[in-house]
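Undergrad: This one is my_file-v8.pdb, PDB, C-alpha atoms.
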MODEL        1
ATOM      1  CA  MET A  68     -75.983 170.863  57.293
ATOM      2  CA  MET A  69     -76.329 172.970  54.186
ATOM      3  CA  HIS A  70     -80.097 173.170  54.733
ATOM      4  CA  ASP A  71     -79.579 174.439  58.300
ATOM      5  CA  ARG A  72     -77.149 177.113  57.170
ATOM      6  CA  SER A  73     -79.392 178.415  54.381
ATOM      7  CA  LEU A  74     -82.375 178.402  56.728
ATOM      8  CA  ALA A  75     -80.461 180.381  59.344
ATOM      9  CA  GLU A  76     -79.394 182.868  56.677
ATOM     10  CA  ARG A  77     -82.933 183.256  55.509
ATOM     11  CA  ILE A  78     -84.211 183.838  59.017
ATOM     12  CA  ARG A  79     -81.502 186.450  59.573
ATOM     13  CA  ARG A  80     -82.305 188.114  56.253
ATOM     14  CA  GLU A  81     -86.025 188.218  56.900
ATOM     15  CA  SER A  82     -85.828 189.048  60.591
ATOM     16  CA  ARG A  83     -86.312 192.713  59.707
ATOM     17  CA  MET A  84     -89.948 192.128  58.978
ATOM     18  CA  PRO A  85     -91.500 194.391  56.355
ATOM     19  CA  PRO A  86     -94.656 196.243  57.406
ATOM     20  CA  PHE A  87     -96.998 193.781  55.733
ATOM     21  CA  LEU A  88     -95.573 190.936  57.782
ATOM     22  CA  SER A  89     -96.133 192.614  61.138
ATOM     23  CA  LEU A  90     -98.893 191.132  63.200
ATOM     24  CA  PRO A  91    -101.588 193.616  64.226
ATOM     25  CA  SER A  92    -100.781 195.673  67.307
ATOM     26  CA  ALA A  93    -102.252 194.814  70.703
ATOM     27  CA  GLY A  94    -104.641 197.720  70.230
ATOM     28  CA  ALA A  95    -105.815 196.378  66.914
ATOM     29  CA  ARG A  96    -106.197 192.937  68.425
ATOM     30  CA  ASN A  97    -108.432 194.335  71.144
ATOM     31  CA  ARG A  98    -110.512 196.192  68.577
ATOM     32  CA  SER A  99    -111.488 193.059  66.675
ATOM     33  CA  ARG A 100    -115.174 192.910  65.956
ATOM     34  CA  PRO A 101    -117.604 190.060  65.427
ATOM     35  CA  GLY A 102    -117.428 189.265  61.720
ATOM     36  CA  ASP A 103    -113.687 189.869  61.475
ATOM     37  CA  TRP A 104    -112.151 186.779  59.914
ATOM     38  CA  TYR A 105    -110.136 186.145  63.050
ATOM     39  CA  PRO A 106    -110.551 187.421  66.636
ATOM     40  CA  PHE A 107    -107.019 188.651  67.280
ATOM     41  CA  HIS A 108    -107.529 188.891  71.025
ATOM     42  CA  LEU A 109    -107.523 185.062  71.040
ATOM     43  CA  SER A 110    -104.010 184.956  69.578
ATOM     44  CA  ILE A 111    -101.699 182.994  71.847
ATOM     45  CA  ASN A 112     -98.281 183.342  70.220
ATOM     46  CA  THR A 113     -97.143 186.968  70.336
ATOM     47  CA  ASN A 114     -93.557 186.379  69.233
ATOM     48  CA  PRO A 115     -93.455 186.729  65.416
ATOM     49  CA  PRO A 116     -89.698 186.025  64.983
ATOM     50  CA  ALA A 117     -90.009 182.675  66.778
ATOM     51  CA  LEU A 118     -93.128 181.954  64.797
ATOM     52  CA  GLN A 119     -91.400 182.861  61.550
ATOM     53  CA  GLU A 120     -88.480 180.598  62.417
ATOM     54  CA  GLU A 121     -90.829 177.695  63.012
ATOM     55  CA  PHE A 122     -92.787 178.493  59.855
ATOM     56  CA  LEU A 123     -89.684 178.570  57.643
ATOM     57  CA  ALA A 124     -88.288 175.358  59.150
ATOM     58  CA  ARG A 125     -91.600 173.525  58.624
ATOM     59  CA  THR A 126     -91.898 174.919  55.098
ATOM     60  CA  GLN A 127     -88.433 173.728  54.168
ATOM     61  CA  GLU A 128     -89.116 170.259  55.604
ATOM     62  CA  TRP A 129     -92.444 170.042  53.768
ATOM     63  CA  GLN A 130     -91.134 171.156  50.391
ATOM     64  CA  SER A 131     -88.062 168.939  50.625
ATOM     65  CA  ASP A 132     -90.072 165.827  51.506
ATOM     66  CA  CYS A 133     -92.838 166.417  48.949
ATOM     67  CA  GLN A 134     -90.894 167.744  45.967
ATOM     68  CA  PHE A 135     -91.097 164.493  43.992
ATOM     69  CA  SER A 136     -94.709 163.656  44.806
ATOM     70  CA  SER A 137     -97.554 164.496  42.422
ATOM     71  CA  SER A 138    -100.131 163.840  45.126
ATOM     72  CA  LEU A 139    -101.941 166.804  46.652
ATOM     73  CA  THR A 140    -102.986 164.347  49.355
ATOM     74  CA  ASP A 141     -99.315 163.761  50.281
ATOM     75  CA  VAL A 142     -98.675 167.497  50.102
ATOM     76  CA  SER A 143    -101.644 168.532  52.241
ATOM     77  CA  PHE A 144    -101.278 165.836  54.886
ATOM     78  CA  HIS A 145     -97.522 166.013  55.363
ATOM     79  CA  PRO A 146     -96.808 166.412  59.125
ATOM     80  CA  ALA A 147     -94.922 169.695  58.623
ATOM     81  CA  TYR A 148     -97.780 171.154  56.549
ATOM     82  CA  GLN A 149    -100.259 170.046  59.182
ATOM     83  CA  ALA A 150     -98.060 171.655  61.847
ATOM     84  CA  ILE A 151     -98.268 174.947  59.930
ATOM     85  CA  ILE A 152    -102.053 174.626  59.850
ATOM     86  CA  GLY A 153    -101.808 173.992  63.600
ATOM     87  CA  MET A 154    -100.029 177.343  64.051
ATOM     88  CA  GLY A 155    -103.382 178.891  63.233
ATOM     89  CA  PRO A 156    -104.140 182.446  62.059
ATOM     90  CA  PRO A 157    -100.707 183.876  63.040
ATOM     91  CA  ALA A 158     -99.265 181.730  60.204
ATOM     92  CA  VAL A 159    -101.428 183.427  57.558
ATOM     93  CA  PRO A 160     -99.169 186.455  56.868
ATOM     94  CA  PHE A 161     -96.174 184.143  56.536
ATOM     95  CA  ILE A 162     -98.064 181.897  54.121
ATOM     96  CA  LEU A 163     -99.234 184.867  52.051
ATOM     97  CA  ARG A 164     -95.686 186.238  51.850
ATOM     98  CA  GLU A 165     -94.392 182.806  50.804
ATOM     99  CA  LEU A 166     -97.168 182.593  48.217
ATOM    100  CA  GLN A 167     -96.141 186.002  46.902
ATOM    101  CA  ILE A 168     -92.467 185.048  46.586
ATOM    102  CA  SER A 169     -92.871 181.499  45.361
ATOM    103  CA  PRO A 170     -96.380 180.155  44.562
ATOM    104  CA  HIS A 171     -97.018 176.733  46.016
ATOM    105  CA  TRP A 172     -99.924 174.595  47.207
ATOM    106  CA  TRP A 173    -100.768 176.619  50.325
ATOM    107  CA  PHE A 174    -104.475 176.802  49.540
ATOM    108  CA  TYR A 175    -105.625 173.907  51.693
ATOM    109  CA  ALA A 176    -103.788 175.404  54.692
ATOM    110  CA  LEU A 177    -105.253 178.861  54.033
ATOM    111  CA  ARG A 178    -108.723 177.380  53.663
ATOM    112  CA  MET A 179    -108.396 175.351  56.866
ATOM    113  CA  ILE A 180    -106.990 178.214  58.948
ATOM    114  CA  THR A 181    -109.165 181.073  57.732
ATOM    115  CA  GLN A 182    -112.358 179.133  56.985
ATOM    116  CA  VAL A 183    -112.861 181.332  53.940
ATOM    117  CA  ASP A 184    -112.490 180.494  50.256
ATOM    118  CA  PRO A 185    -111.960 183.363  47.814
ATOM    119  CA  THR A 186    -111.551 180.985  44.838
ATOM    120  CA  SER A 187    -114.092 179.827  42.260
ATOM    121  CA  ASN A 188    -114.572 176.619  40.275
ATOM    122  CA  GLU A 189    -112.751 178.156  37.297
ATOM    123  CA  ASP A 190    -109.589 178.464  39.400
ATOM    124  CA  VAL A 191    -109.349 174.769  40.296
ATOM    125  CA  GLY A 192    -106.046 173.199  39.310
ATOM    126  CA  SER A 193    -104.430 176.518  38.295
ATOM    127  CA  LEU A 194    -101.643 177.495  40.673
ATOM    128  CA  GLU A 195    -101.460 180.948  39.069
ATOM    129  CA  ARG A 196    -105.158 181.763  39.397
ATOM    130  CA  LEU A 197    -105.488 180.312  42.915
ATOM    131  CA  THR A 198    -102.456 182.349  43.996
ATOM    132  CA  ASP A 199    -103.928 185.537  42.524
ATOM    133  CA  ARG A 200    -107.228 184.964  44.345
ATOM    134  CA  TRP A 201    -105.587 184.410  47.721
ATOM    135  CA  LEU A 202    -103.184 187.335  47.336
ATOM    136  CA  ALA A 203    -106.112 189.587  46.444
ATOM    137  CA  TRP A 204    -107.850 188.348  49.588
ATOM    138  CA  GLY A 205    -104.689 189.067  51.596
ATOM    139  CA  ARG A 206    -104.608 192.645  50.306
ATOM    140  CA  GLN A 207    -108.301 193.076  51.005
ATOM    141  CA  GLN A 208    -107.767 191.896  54.578
ATOM    142  CA  GLY A 209    -104.813 194.232  55.041
ATOM    143  CA  TRP A 210    -102.202 191.476  55.339
ATOM    144  CA  LEU A 211    -100.417 192.536  52.163
ATOM    145  CA  LEU A 212     -99.732 195.982  50.740
ATOM    146  CA  ALA A 213    -102.144 196.959  47.971
ATOM    147  CA  GLU A 214    -100.538 197.048  44.521
TER     148      GLU A 214
ATOM    149  CA  MET B 123     -80.016 172.911  35.697
ATOM    150  CA  ILE B 124     -81.696 172.031  32.385
ATOM    151  CA  GLY B 125     -79.577 169.477  30.569
ATOM    152  CA  GLU B 126     -77.915 168.257  33.750
ATOM    153  CA  GLN B 127     -78.385 164.686  34.914
ATOM    154  CA  ALA B 128     -81.398 164.185  37.195
ATOM    155  CA  GLU B 129     -79.494 161.919  39.581
ATOM    156  CA  ILE B 130     -77.420 164.817  40.906
ATOM    157  CA  HIS B 131     -80.563 166.788  41.822
ATOM    158  CA  LEU B 132     -82.457 164.061  43.674
ATOM    159  CA  GLY B 133     -80.821 164.991  46.994
ATOM    160  CA  ILE B 134     -81.930 162.956  49.994
ATOM    161  CA  ASN B 135     -84.521 161.225  47.808
ATOM    162  CA  ARG B 136     -81.866 159.607  45.609
ATOM    163  CA  PRO B 137     -82.134 156.132  47.229
ATOM    164  CA  LYS B 138     -85.814 156.080  46.261
ATOM    165  CA  PHE B 139     -84.839 156.473  42.588
ATOM    166  CA  ALA B 140     -82.244 153.732  42.242
ATOM    167  CA  GLY B 141     -82.902 153.380  38.487
ATOM    168  CA  VAL B 142     -82.079 157.023  37.726
ATOM    169  CA  SER B 143     -78.379 156.647  37.015
ATOM    170  CA  GLY B 144     -75.911 156.022  34.250
ATOM    171  CA  GLY B 145     -76.015 159.512  32.782
ATOM    172  CA  ASN B 146     -79.027 158.990  30.537
ATOM    173  CA  CYS B 147     -81.710 160.887  32.453
ATOM    174  CA  PRO B 148     -81.362 164.606  31.539
ATOM    175  CA  ILE B 149     -83.460 167.284  33.216
ATOM    176  CA  THR B 150     -85.654 169.085  30.659
ATOM    177  CA  SER B 151     -87.316 171.829  32.737
ATOM    178  CA  LEU B 152     -86.915 173.963  35.834
ATOM    179  CA  PRO B 153     -88.812 172.797  38.964
ATOM    180  CA  SER B 154     -92.447 173.916  38.964
ATOM    181  CA  PRO B 155     -95.318 173.106  41.329
ATOM    182  CA  ALA B 156     -97.796 174.430  38.729
ATOM    183  CA  TYR B 157     -98.278 171.023  37.073
ATOM    184  CA  ASN B 158     -97.752 167.387  37.988
ATOM    185  CA  CYS B 159     -97.058 164.116  36.216
ATOM    186  CA  VAL B 160    -100.732 163.588  35.358
ATOM    187  CA  ALA B 161    -101.002 166.972  33.629
ATOM    188  CA  TRP B 162     -97.668 166.364  31.868
ATOM    189  CA  ALA B 163     -98.803 162.964  30.591
ATOM    190  CA  LEU B 164    -101.889 164.669  29.164
ATOM    191  CA  GLY B 165     -99.772 167.384  27.552
ATOM    192  CA  PHE B 166    -100.434 170.293  29.959
ATOM    193  CA  ASP B 167     -97.857 172.389  31.789
ATOM    194  CA  ASP B 168    -100.170 174.885  33.473
ATOM    195  CA  GLN B 169    -102.640 172.644  35.315
ATOM    196  CA  PHE B 170    -102.486 170.311  38.288
ATOM    197  CA  TRP B 171    -104.596 167.149  38.118
ATOM    198  CA  TRP B 172    -105.450 165.308  41.318
ATOM    199  CA  PRO B 173    -108.698 163.873  42.723
ATOM    200  CA  VAL B 174    -108.871 165.845  45.970
ATOM    201  CA  PRO B 175    -112.268 167.393  46.634
ATOM    202  CA  TRP B 176    -111.242 170.380  48.744
ATOM    203  CA  ALA B 177    -110.979 174.023  47.742
ATOM    204  CA  GLY B 178    -107.981 174.797  45.589
ATOM    205  CA  GLY B 179    -107.443 171.166  44.728
ATOM    206  CA  GLY B 180    -106.534 169.722  41.369
ATOM    207  CA  GLN B 181    -108.472 169.416  38.140
ATOM    208  CA  TRP B 182    -110.682 166.343  37.971
ATOM    209  CA  PRO B 183    -113.633 165.321  35.762
ATOM    210  CA  VAL B 184    -116.858 165.665  37.756
ATOM    211  CA  HIS B 185    -118.151 162.223  36.772
ATOM    212  CA  LEU B 186    -115.089 160.356  38.129
ATOM    213  CA  ALA B 187    -114.578 159.075  41.653
ATOM    214  CA  ARG B 188    -112.174 161.109  43.767
ATOM    215  CA  ARG B 189    -109.887 158.288  44.818
ATOM    216  CA  ASP B 190    -106.169 157.772  44.274
ATOM    217  CA  ASP B 191    -106.157 154.071  43.318
ATOM    218  CA  ILE B 192    -104.878 153.024  39.899
ATOM    219  CA  ALA B 193    -108.363 151.928  38.758
ATOM    220  CA  THR B 194    -109.610 155.509  39.127
ATOM    221  CA  PHE B 195    -106.660 156.925  37.171
ATOM    222  CA  VAL B 196    -107.265 154.354  34.443
ATOM    223  CA  GLU B 197    -110.749 155.868  34.133
ATOM    224  CA  LEU B 198    -109.227 159.368  33.974
ATOM    225  CA  PHE B 199    -106.946 158.396  31.099
ATOM    226  CA  ARG B 200    -109.792 156.545  29.357
ATOM    227  CA  HIS B 201    -111.640 159.875  29.516
ATOM    228  CA  PHE B 202    -108.803 161.297  27.379
ATOM    229  CA  GLY B 203    -108.858 158.487  24.840
ATOM    230  CA  PHE B 204    -106.271 156.086  26.280
ATOM    231  CA  PHE B 205    -106.999 152.373  26.575
ATOM    232  CA  PRO B 206    -105.053 149.651  28.463
ATOM    233  CA  CYS B 207    -102.508 147.761  26.393
ATOM    234  CA  LEU B 208     -99.779 145.203  26.944
ATOM    235  CA  SER B 209     -97.123 146.511  24.614
ATOM    236  CA  THR B 210     -94.233 148.581  25.895
ATOM    237  CA  ARG B 211     -93.086 149.342  22.367
ATOM    238  CA  LEU B 212     -94.220 152.420  20.514
ATOM    239  CA  ALA B 213     -96.538 151.527  17.667
ATOM    240  CA  HIS B 214     -96.496 153.930  14.736
ATOM    241  CA  GLY B 215     -98.934 156.772  15.344
ATOM    242  CA  SER B 216     -99.710 155.875  18.942
ATOM    243  CA  GLU B 217     -98.945 157.523  22.250
ATOM    244  CA  LEU B 218     -97.987 155.331  25.181
ATOM    245  CA  ILE B 219     -98.140 156.050  28.917
ATOM    246  CA  ALA B 220     -97.034 153.947  31.917
ATOM    247  CA  LEU B 221     -98.921 154.110  35.219
ATOM    248  CA  TYR B 222     -96.948 153.418  38.405
ATOM    249  CA  GLY B 223     -98.347 152.321  41.737
ATOM    250  CA  LEU B 224     -97.600 151.003  45.186
ATOM    251  CA  PRO B 225     -99.653 148.147  46.671
ATOM    252  CA  LEU B 226    -102.030 149.486  49.323
ATOM    253  CA  ASN B 227    -101.575 146.326  51.328
ATOM    254  CA  GLU B 228     -98.028 145.139  52.040
ATOM    255  CA  SER B 229     -99.106 141.515  51.801
ATOM    256  CA  PHE B 230    -100.846 142.071  48.465
ATOM    257  CA  LEU B 231     -99.603 139.422  46.045
ATOM    258  CA  VAL B 232     -98.795 141.394  42.913
ATOM    259  CA  PRO B 233     -99.988 139.530  39.821
ATOM    260  CA  ASN B 234     -98.237 139.710  36.476
ATOM    261  CA  LEU B 235     -99.208 142.575  34.193
ATOM    262  CA  PRO B 236    -101.345 140.641  31.691
ATOM    263  CA  THR B 237    -103.499 139.112  34.413
ATOM    264  CA  LEU B 238    -104.349 142.289  36.344
ATOM    265  CA  SER B 239    -108.073 142.581  37.012
ATOM    266  CA  GLN B 240    -110.134 145.634  37.974
ATOM    267  CA  THR B 241    -109.990 144.439  41.595
ATOM    268  CA  ASP B 242    -106.209 144.205  41.374
ATOM    269  CA  LEU B 243    -106.036 147.790  40.119
ATOM    270  CA  LEU B 244    -108.018 148.953  43.148
ATOM    271  CA  GLY B 245    -105.247 147.452  45.280
ATOM    272  CA  PHE B 246    -102.630 149.904  43.995
ATOM    273  CA  GLN B 247    -102.202 153.500  45.035
ATOM    274  CA  PHE B 248    -101.402 155.655  41.983
ATOM    275  CA  ARG B 249     -97.954 157.259  42.328
ATOM    276  CA  HIS B 250     -96.797 158.372  38.892
ATOM    277  CA  VAL B 251     -97.357 158.345  35.148
ATOM    278  CA  ALA B 252     -94.715 158.631  32.416
ATOM    279  CA  ARG B 253     -95.275 159.370  28.709
ATOM    280  CA  GLN B 254     -93.336 158.072  25.712
ATOM    281  CA  LEU B 255     -92.081 160.660  23.235
ATOM    282  CA  PRO B 256     -92.173 160.026  19.464
ATOM    283  CA  SER B 257     -88.414 159.358  19.635
ATOM    284  CA  GLY B 258     -89.080 156.361  21.914
ATOM    285  CA  VAL B 259     -87.532 158.048  24.971
ATOM    286  CA  TRP B 260     -89.813 158.542  28.002
ATOM    287  CA  THR B 261     -90.610 161.841  29.712
ATOM    288  CA  SER B 262     -91.712 162.351  33.321
ATOM    289  CA  LYS B 263     -92.623 165.277  35.526
ATOM    290  CA  LEU B 264     -91.261 164.417  38.958
ATOM    291  CA  GLY B 265     -94.013 165.641  41.276
ATOM    292  CA  LEU B 266     -93.586 169.328  42.119
ATOM    293  CA  SER B 267     -90.065 169.354  40.751
ATOM    294  CA  PHE B 268     -88.562 169.114  37.246
ATOM    295  CA  ASP B 269     -89.296 167.202  34.011
ATOM    296  CA  MET B 270     -86.756 164.655  32.885
ATOM    297  CA  GLU B 271     -86.223 162.105  30.154
ATOM    298  CA  HIS B 272     -85.497 158.442  30.848
ATOM    299  CA  PRO B 273     -84.696 155.563  28.516
ATOM    300  CA  ASP B 274     -87.483 153.266  29.741
ATOM    301  CA  PRO B 275     -90.311 153.158  32.304
ATOM    302  CA  VAL B 276     -88.362 150.799  34.585
ATOM    303  CA  SER B 277     -85.838 153.583  35.308
ATOM    304  CA  LEU B 278     -88.343 155.239  37.627
ATOM    305  CA  GLU B 279     -89.469 152.112  39.460
ATOM    306  CA  GLY B 280     -88.497 152.078  43.126
ATOM    307  CA  ALA B 281     -89.518 153.181  46.588
ATOM    308  CA  ALA B 282     -90.961 156.522  45.456
ATOM    309  CA  TYR B 283     -93.274 155.471  42.628
ATOM    310  CA  GLY B 284     -93.522 151.710  43.046
ATOM    311  CA  ARG B 285     -93.675 149.689  39.863
ATOM    312  CA  VAL B 286     -95.292 150.006  36.450
ATOM    313  CA  VAL B 287     -98.751 148.539  36.894
ATOM    314  CA  LEU B 288    -100.306 149.242  33.528
ATOM    315  CA  TYR B 289     -99.567 150.643  30.080
ATOM    316  CA  MET B 290    -102.175 152.622  28.148
ATOM    317  CA  ALA B 291    -102.159 153.924  24.574
ATOM    318  CA  ARG B 292    -104.078 156.261  22.298
ATOM    319  CA  ALA B 293    -103.731 157.464  18.735
ATOM    320  CA  ARG B 294    -101.268 160.330  18.547
ATOM    321  CA  THR B 295    -102.945 163.515  17.307
TER     322      THR B 295
ENDMDL
END
Let me see whether you can do it: turn the structure in this file into structure tokens.

TA:
Amino acid sequence: MMHDRSLAERIRRESRMPPFLSLPSAGARNRSRPGDWYPFHLSINTNPPALQEEFLARTQEWQSDCQFSSSLTDVSFHPAYQAIIGMGPPAVPFILRELQISPHWWFYALRMITQVDPTSNEDVGSLERLTDRWLAWGRQQGWLLAE
Amino acid sequence: MIGEQAEIHLGINRPKFAGVSGGNCPITSLPSPAYNCVAWALGFDDQFWWPVPWAGGGQWPVHLARRDDIATFVELFRHFGFFPCLSTRLAHGSELIALYGLPLNESFLVPNLPTLSQTDLLGFQFRHVARQLPSGVWTSKLGLSFDMEHPDPVSLEGAAYGRVVLYMARART
């Protein structure tokens, strides 16, 4: 009950989406070019608030279930985490924002969804360095505001 | 949160940690996903160790298999100077760790600790490792959450981490 209430509050609080959370406009989607990391014109879900609600609910379920596990296998194959991967590219800005607020093991999901990997061997195992690499990628792609 | 009893912060997972009770398991850190029990047992609090091969996964020595059975984790801790032992008591100048696991096969007949073979170790999925402090108290990092102290390894046995499968020791540096 408490979880539901805090989730609802969070959705209400974040429903005024900051600019960097907005999905690209229809015009931008239609202008996608070969070589762009994701062809926006293929996007199916065009309702970010509903998407955000689902993302936050799945995130809460995932983090609650996995908080006492040391296994990245458990973490990456949890049904809620897999469901977020299944949301596809529209989930990426939500993941990047979550990563910015509270670093967590989102890297497998980002790798699976985007099919890119901005990290290097030196970053392996370091939550801080992996987060920095992915946030830099997010800024480069225009998903996050440049610092 | 630090200094509070772990049992009040286990939430819906509390039934899986039946041994964490009695007011002798204080929390010693804030929750952090930056390191796990394996890193904590090795003395790190800024690395995550796990044998997954994909991008952004955990630290793992390149020469070791990327499996999550106890036998593979025994090799990891051997790599850091630990060797299997039978004693659960802290010998002067030594550092003791306890490896926890769940049988991979429900019907697996769990042998007694002293008679565990390499094949037996392959039959356990690694779930946790705890480290003994010089004071004799044990310390554990609970997954992506907090560190806590516990009076003995048995306190953390249960549905979440299974049972202690093996003890290992090395000279304390």

Undergrad: Write out as a ChimeraX atom specification every residue belonging to chain B that has an atom at most 10 Å from any atom of chain A, counting only C-alpha atoms.

TA: /B:132-135,153-161,168-174,176-182,190,248-251,263-268,282-283

Undergrad: Of the candidates B:Leu164, B:Ala128, B:Met123, B:Ala220, which shows the shortest atom-to-atom distance to Ala140 of chain B, using only C-alpha atoms?

TA: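 So, comparing all the options, the nearest one is B:Ala128.
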
Undergrad: Please compute the atom CA of Gly203 of chain B-atom CA of Pro183 of chain B distance, one decimal, in Å.

TA: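 These atoms are spaced 13.7 Å apart.
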
Undergrad: In the coordinate frame of the file, compute which residues have an atom within 12 Å of (-107.7, 155.3, 39.1) when using only C-alpha atoms, and state them as an MDAnalysis selection string.

TA: chainID B and resid 160 172:173 182 186:201 221:223 240:251 287:288

Undergrad: Mind dumping the selected residues with C-alpha atoms as a PDB file, in the frame of the given file?

TA:
ATOM      1  CA  VAL B 160    -100.732 163.588  35.358  1.00  0.00           C
ATOM      2  CA  TRP B 172    -105.450 165.308  41.318  1.00  0.00           C
ATOM      3  CA  PRO B 173    -108.698 163.873  42.723  1.00  0.00           C
ATOM      4  CA  TRP B 182    -110.682 166.343  37.971  1.00  0.00           C
ATOM      5  CA  LEU B 186    -115.089 160.356  38.129  1.00  0.00           C
ATOM      6  CA  ALA B 187    -114.578 159.075  41.653  1.00  0.00           C
ATOM      7  CA  ARG B 188    -112.174 161.109  43.767  1.00  0.00           C
ATOM      8  CA  ARG B 189    -109.887 158.288  44.818  1.00  0.00           C
ATOM      9  CA  ASP B 190    -106.169 157.772  44.274  1.00  0.00           C
ATOM     10  CA  ASP B 191    -106.157 154.071  43.318  1.00  0.00           C
ATOM     11  CA  ILE B 192    -104.878 153.024  39.899  1.00  0.00           C
ATOM     12  CA  ALA B 193    -108.363 151.928  38.758  1.00  0.00           C
ATOM     13  CA  THR B 194    -109.610 155.509  39.127  1.00  0.00           C
ATOM     14  CA  PHE B 195    -106.660 156.925  37.171  1.00  0.00           C
ATOM     15  CA  VAL B 196    -107.265 154.354  34.443  1.00  0.00           C
ATOM     16  CA  GLU B 197    -110.749 155.868  34.133  1.00  0.00           C
ATOM     17  CA  LEU B 198    -109.227 159.368  33.974  1.00  0.00           C
ATOM     18  CA  PHE B 199    -106.946 158.396  31.099  1.00  0.00           C
ATOM     19  CA  ARG B 200    -109.792 156.545  29.357  1.00  0.00           C
ATOM     20  CA  HIS B 201    -111.640 159.875  29.516  1.00  0.00           C
ATOM     21  CA  LEU B 221     -98.921 154.110  35.219  1.00  0.00           C
ATOM     22  CA  TYR B 222     -96.948 153.418  38.405  1.00  0.00           C
ATOM     23  CA  GLY B 223     -98.347 152.321  41.737  1.00  0.00           C
ATOM     24  CA  GLN B 240    -110.134 145.634  37.974  1.00  0.00           C
ATOM     25  CA  THR B 241    -109.990 144.439  41.595  1.00  0.00           C
ATOM     26  CA  ASP B 242    -106.209 144.205  41.374  1.00  0.00           C
ATOM     27  CA  LEU B 243    -106.036 147.790  40.119  1.00  0.00           C
ATOM     28  CA  LEU B 244    -108.018 148.953  43.148  1.00  0.00           C
ATOM     29  CA  GLY B 245    -105.247 147.452  45.280  1.00  0.00           C
ATOM     30  CA  PHE B 246    -102.630 149.904  43.995  1.00  0.00           C
ATOM     31  CA  GLN B 247    -102.202 153.500  45.035  1.00  0.00           C
ATOM     32  CA  PHE B 248    -101.402 155.655  41.983  1.00  0.00           C
ATOM     33  CA  ARG B 249     -97.954 157.259  42.328  1.00  0.00           C
ATOM     34  CA  HIS B 250     -96.797 158.372  38.892  1.00  0.00           C
ATOM     35  CA  VAL B 251     -97.357 158.345  35.148  1.00  0.00           C
ATOM     36  CA  VAL B 287     -98.751 148.539  36.894  1.00  0.00           C
ATOM     37  CA  LEU B 288    -100.306 149.242  33.528  1.00  0.00           C
TER      38      LEU B 288
END

Undergrad: Segment 252-269 of chain B, all listed atoms, 8 Å padding on each side: what axis-aligned box centre and edge lengths in Å to one decimal come out, as JSON?

TA:
{"center_x": -91.4, "center_y": 162.9, "center_z": 30.8, "size_x": 23.7, "size_y": 29.0, "size_z": 38.7}

Undergrad: So the first atom is atom CA of Arg292 of chain B and the second is atom CA of Phe166 of chain B; what is the distance between them in Å, to one decimal place?

TA: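 Between atom CA of Arg292 of chain B and atom CA of Phe166 of chain B the gap works out to 16.4 Å.
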
Undergrad: Just the number, please: distance in Å from atom CA of His145 of chain A to atom CA of Asn227 of chain B, one decimal.

TA: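 For atom CA of His145 of chain A relative to atom CA of Asn227 of chain B, the distance reads 20.5 Å.
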
Undergrad: At a cut-off of 10 Å, using only C-alpha atoms, what residues contact Ala176 of chain A? Leave out same-chain residues fewer than 2 positions from it and give the result as a PyMOL selection string.

TA: chain A and resi 143-144+148-153+155+158-159+162+172-174+178-182

Undergrad: On this structure, which residues satisfy the PyMOL selection byres ((chain B and resi 255) around 10), written as an MDAnalysis selection string?

TA: chainID B and resid 212 216:219 252:254 256:261 271

Undergrad: Export C-alpha atoms of the chosen residues as a compact mmCIF listing (two decimals), in the frame of the given file?

TA:
# COMPACT_ATOMS: atom_id res chain seq x y z
CA LEU B 212 -94.22 152.42 20.51
CA SER B 216 -99.71 155.88 18.94
CA GLU B 217 -98.94 157.52 22.25
CA LEU B 218 -97.99 155.33 25.18
CA ILE B 219 -98.14 156.05 28.92
CA ALA B 252 -94.72 158.63 32.42
CA ARG B 253 -95.28 159.37 28.71
CA GLN B 254 -93.34 158.07 25.71
CA PRO B 256 -92.17 160.03 19.46
CA SER B 257 -88.41 159.36 19.64
CA GLY B 258 -89.08 156.36 21.91
CA VAL B 259 -87.53 158.05 24.97
CA TRP B 260 -89.81 158.54 28.00
CA THR B 261 -90.61 161.84 29.71
CA GLU B 271 -86.22 162.10 30.15

Undergrad: Check which residues satisfy the PyMOL selection byres ((chain B and resi 277) around 9) in the file shown, then give them as a PDB file with C-alpha atoms, in the coordinates of the input.

TA:
ATOM      1  CA  PHE B 139     -84.839 156.473  42.588  1.00  0.00           C
ATOM      2  CA  ALA B 140     -82.244 153.732  42.242  1.00  0.00           C
ATOM      3  CA  GLY B 141     -82.902 153.380  38.487  1.00  0.00           C
ATOM      4  CA  VAL B 142     -82.079 157.023  37.726  1.00  0.00           C
ATOM      5  CA  SER B 143     -78.379 156.647  37.015  1.00  0.00           C
ATOM      6  CA  CYS B 147     -81.710 160.887  32.453  1.00  0.00           C
ATOM      7  CA  HIS B 272     -85.497 158.442  30.848  1.00  0.00           C
ATOM      8  CA  PRO B 273     -84.696 155.563  28.516  1.00  0.00           C
ATOM      9  CA  ASP B 274     -87.483 153.266  29.741  1.00  0.00           C
ATOM     10  CA  PRO B 275     -90.311 153.158  32.304  1.00  0.00           C
ATOM     11  CA  VAL B 276     -88.362 150.799  34.585  1.00  0.00           C
ATOM     12  CA  LEU B 278     -88.343 155.239  37.627  1.00  0.00           C
ATOM     13  CA  GLU B 279     -89.469 152.112  39.460  1.00  0.00           C
ATOM     14  CA  GLY B 280     -88.497 152.078  43.126  1.00  0.00           C
TER      15      GLY B 280
END

Undergrad: Under the PyMOL selection byres ((chain B and resi 151) around 6), which residues of this model are included? Write them out as an MDAnalysis selection string.

TA: chainID B and resid 124 149:150 152 268:269

Undergrad: Write the selection just made, keeping C-alpha atoms, as a short mmCIF file (atom, residue, chain, number, x, y, z; two decimals), keeping the file's coordinate frame?

TA:
data_model
loop_
_atom_site.label_atom_id
_atom_site.label_comp_id
_atom_site.auth_asym_id
_atom_site.auth_seq_id
_atom_site.Cartn_x
_atom_site.Cartn_y
_atom_site.Cartn_z
CA ILE B 124 -81.70 172.03 32.38
CA ILE B 149 -83.46 167.28 33.22
CA THR B 150 -85.65 169.08 30.66
CA LEU B 152 -86.92 173.96 35.83
CA PHE B 268 -88.56 169.11 37.25
CA ASP B 269 -89.30 167.20 34.01
#
